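Taking it in order: structure first as structure tokens, then the write-up.
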Amino acid sequence: MKVAPSVLTADFSQLREELTTIETADYIHLDIMDGHFVPNISFGPAIAKTIASKTRLPLDVHLMVTDPCHWIEGFAFENTAFITVHIEAHDVKESIELIRKHEIGVGLSIKPKTTVESIVPFLSDVDLVLVMTVEPGFGGQSFMPDMMEKVRALKRIREDGNHRFLIEVDGGIGDSNIDLVKDAGVDIVVAGSYVFNKKDRAKAIRSLK
Ligand code: DX5
Ligand code: ZN
């Protein structure tokens, strides 16, 4: 299981030290919120650039923004592995093309109330599907187990359609539900509070792996 700690819950007053505590992770998940697509604002390209320059880990950028085309350039760093946009946002097709133009992995995310059917037309064009297991906007919410039905459906569609996308889940992940998530067929888990609310981050990451 690959692990992508979300820095949303990190202590931003000592971000550099916080980044060193998650060096055993596979990705760093950056939750970008515009205060419009979700009722919260997190951080933008300037802070993301600092994070990109302070880690050797690949970045997994999650754009929870209404106009992703406006923001993709600002998060296209050397070590940006994925930029994920929401199907519920504007200009999805154009944003997928723009991410591809930067030769960065394309991610597509669905909120809990959004169906898998709504992203089927895009699945041959994406490298990652991010199934939200909480309503986006805040860390520390409770995991929604019925979202595993979507993961199983995506796994079937991937096999039937000979697609290549990875399946990632995001929200409320911890040791109480990691087995459920793994059995459903998830490839990457995002974990914010489970990792950053622990003193021993490496141990928290190991337990999820
Ligand atoms: C919510 C974010 C998630 C969240 C994960 O909008 O997309 O990445 O921060 O945090 P936890 O693991 O604390 O639910
Ligand atoms: Zn996220």
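Identifiers in the structure tokens: chain A, B, ... in order shown; residue index from 1 per chain; ligand index from 1 in order shown.
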Need the shell around A:Ser53: protein/DNA/RNA residues with any atom at most 12 Å away, counting only C-alpha atoms. Skip same-chain ones fewer than 2 positions apart. Format as an MDAnalysis selection string? chainID A and resid 15:16 19 46:51 55:59 77:80
Can you write just those residues out, C-alpha atoms, as a compact mmCIF listing (two decimals), in the first residue's frame?
```txt
# COMPACT_ATOMS: atom_id res chain seq x y z
CA LEU A 15 6.96 22.91 8.14
CA ARG A 16 10.56 21.93 7.28
CA LEU A 19 8.47 17.27 6.24
CA ALA A 46 3.99 29.93 -2.96
CA ILE A 47 3.83 27.58 0.04
CA ALA A 48 3.58 24.56 -2.28
CA LYS A 49 6.78 25.73 -3.99
CA THR A 50 8.55 25.87 -0.63
CA ILE A 51 7.37 22.34 0.18
CA THR A 55 11.49 17.36 -0.06
CA ARG A 56 12.73 14.71 -2.46
CA LEU A 57 9.34 12.94 -2.30
CA PRO A 58 6.97 13.14 -5.28
CA LEU A 59 4.02 15.50 -4.75
CA PHE A 77 7.06 21.46 -10.05
CA GLU A 78 9.93 19.11 -10.98
CA ASN A 79 8.72 16.63 -8.35
CA THR A 80 4.97 16.95 -8.97
```
Output as JSON lines one row per residue of chain A within 6 Å of ligand 2: the closest atom pair and its distance in Å to one decimal place, counting only C-alpha atoms and all ligand atoms, sorted by chain and residue number ascending.
```
{"residue": "A:Asp31", "atom": "CA", "partner": "ligand 2", "partner_atom_place_in_ligand_line": "1 (Zn)", "distance": 4.8}
{"residue": "A:His62", "atom": "CA", "partner": "ligand 2", "partner_atom_place_in_ligand_line": "1 (Zn)", "distance": 5.3}
{"residue": "A:Asp170", "atom": "CA", "partner": "ligand 2", "partner_atom_place_in_ligand_line": "1 (Zn)", "distance": 5.6}
```
Prev. selection, N, CA, C and O atoms, output as a JSON list (two decimals), in the first residue's frame:
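Full text of out-v7.json as output:
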```json
[["chain", "number", "residue", "atom", "x", "y", "z"],
["A", 31, "ASP", "N", -3.20, 19.44, -0.14],
["A", 31, "ASP", "CA", -4.63, 19.76, -0.25],
["A", 31, "ASP", "C", -4.80, 21.25, -0.52],
["A", 31, "ASP", "O", -4.63, 22.07, 0.38],
["A", 62, "HIS", "N", -3.77, 17.86, -4.81],
["A", 62, "HIS", "CA", -5.24, 17.66, -4.86],
["A", 62, "HIS", "C", -5.89, 19.03, -4.94],
["A", 62, "HIS", "O", -5.97, 19.74, -3.94],
["A", 170, "ASP", "N", -9.12, 9.16, 0.15],
["A", 170, "ASP", "CA", -8.68, 10.39, 0.85],
["A", 170, "ASP", "C", -9.74, 10.81, 1.85],
["A", 170, "ASP", "O", -10.85, 11.19, 1.47]]
```
One decimal, in Å: what's the spacing between atom CA of A:His86 and atom CA of A:Ser109? 4.6 Å
For A:Asp91, find every residue with an atom within 10 Å (counting only C-alpha atoms), except residues of its own chain fewer than 5 positions away, and show them as a ChimeraX atom specification. /A:66-69,85-86,96
Do you know which residues are within 8 Å of ligand 1 using only C-alpha atoms and all ligand atoms? Can you write them as JSON, numbers by chain? {"A": [5, 6, 7, 8, 9, 29, 30, 31, 33, 38, 62, 64, 132, 134, 135, 136, 137, 138, 139, 140, 141, 142, 143, 170, 171, 172, 173, 174, 190, 191, 192, 193, 194, 195]}
If you measure from atom CA of A:Arg158 to atom CA of A:Ala184, what distance in Å do you get, rounded to one decimal?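 Straight-line distance from atom CA of A:Arg158 to atom CA of A:Ala184 works out to 13.4 Å.
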Need to verify the contact set: A:Thr114, 10 Å, only C-alpha atoms, exclusion of same-chain residues closer than 5 positions in sequence. Can you return it as a list in words?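 My reading of the contact set: Ile87, Glu88, Ser109, Ile119, Val131, Met132 and Lys150 of chain A.
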List the spatial neighbours of A:Leu123 as number ranges by chain - criterion: any atom at most 12 Å away, only C-alpha atoms, same-chain residues fewer than 4 positions off excluded. A: 87, 93, 96, 106-109, 116-119, 127-130, 154-155, 157-167
Could you pull out all residues of stretch 74-146 of chain A with a DSSP call of helix (DSSP H, G or I) and give them as an MDAnalysis selection string? chainID A and resid 74:75 92:101 117:125 145:146
Restricting the calculation to only C-alpha atoms, which member of A:Asp26, A:Asp175, A:Glu103, A:Glu18 is positioned closest to A:Lys54? A:Glu18
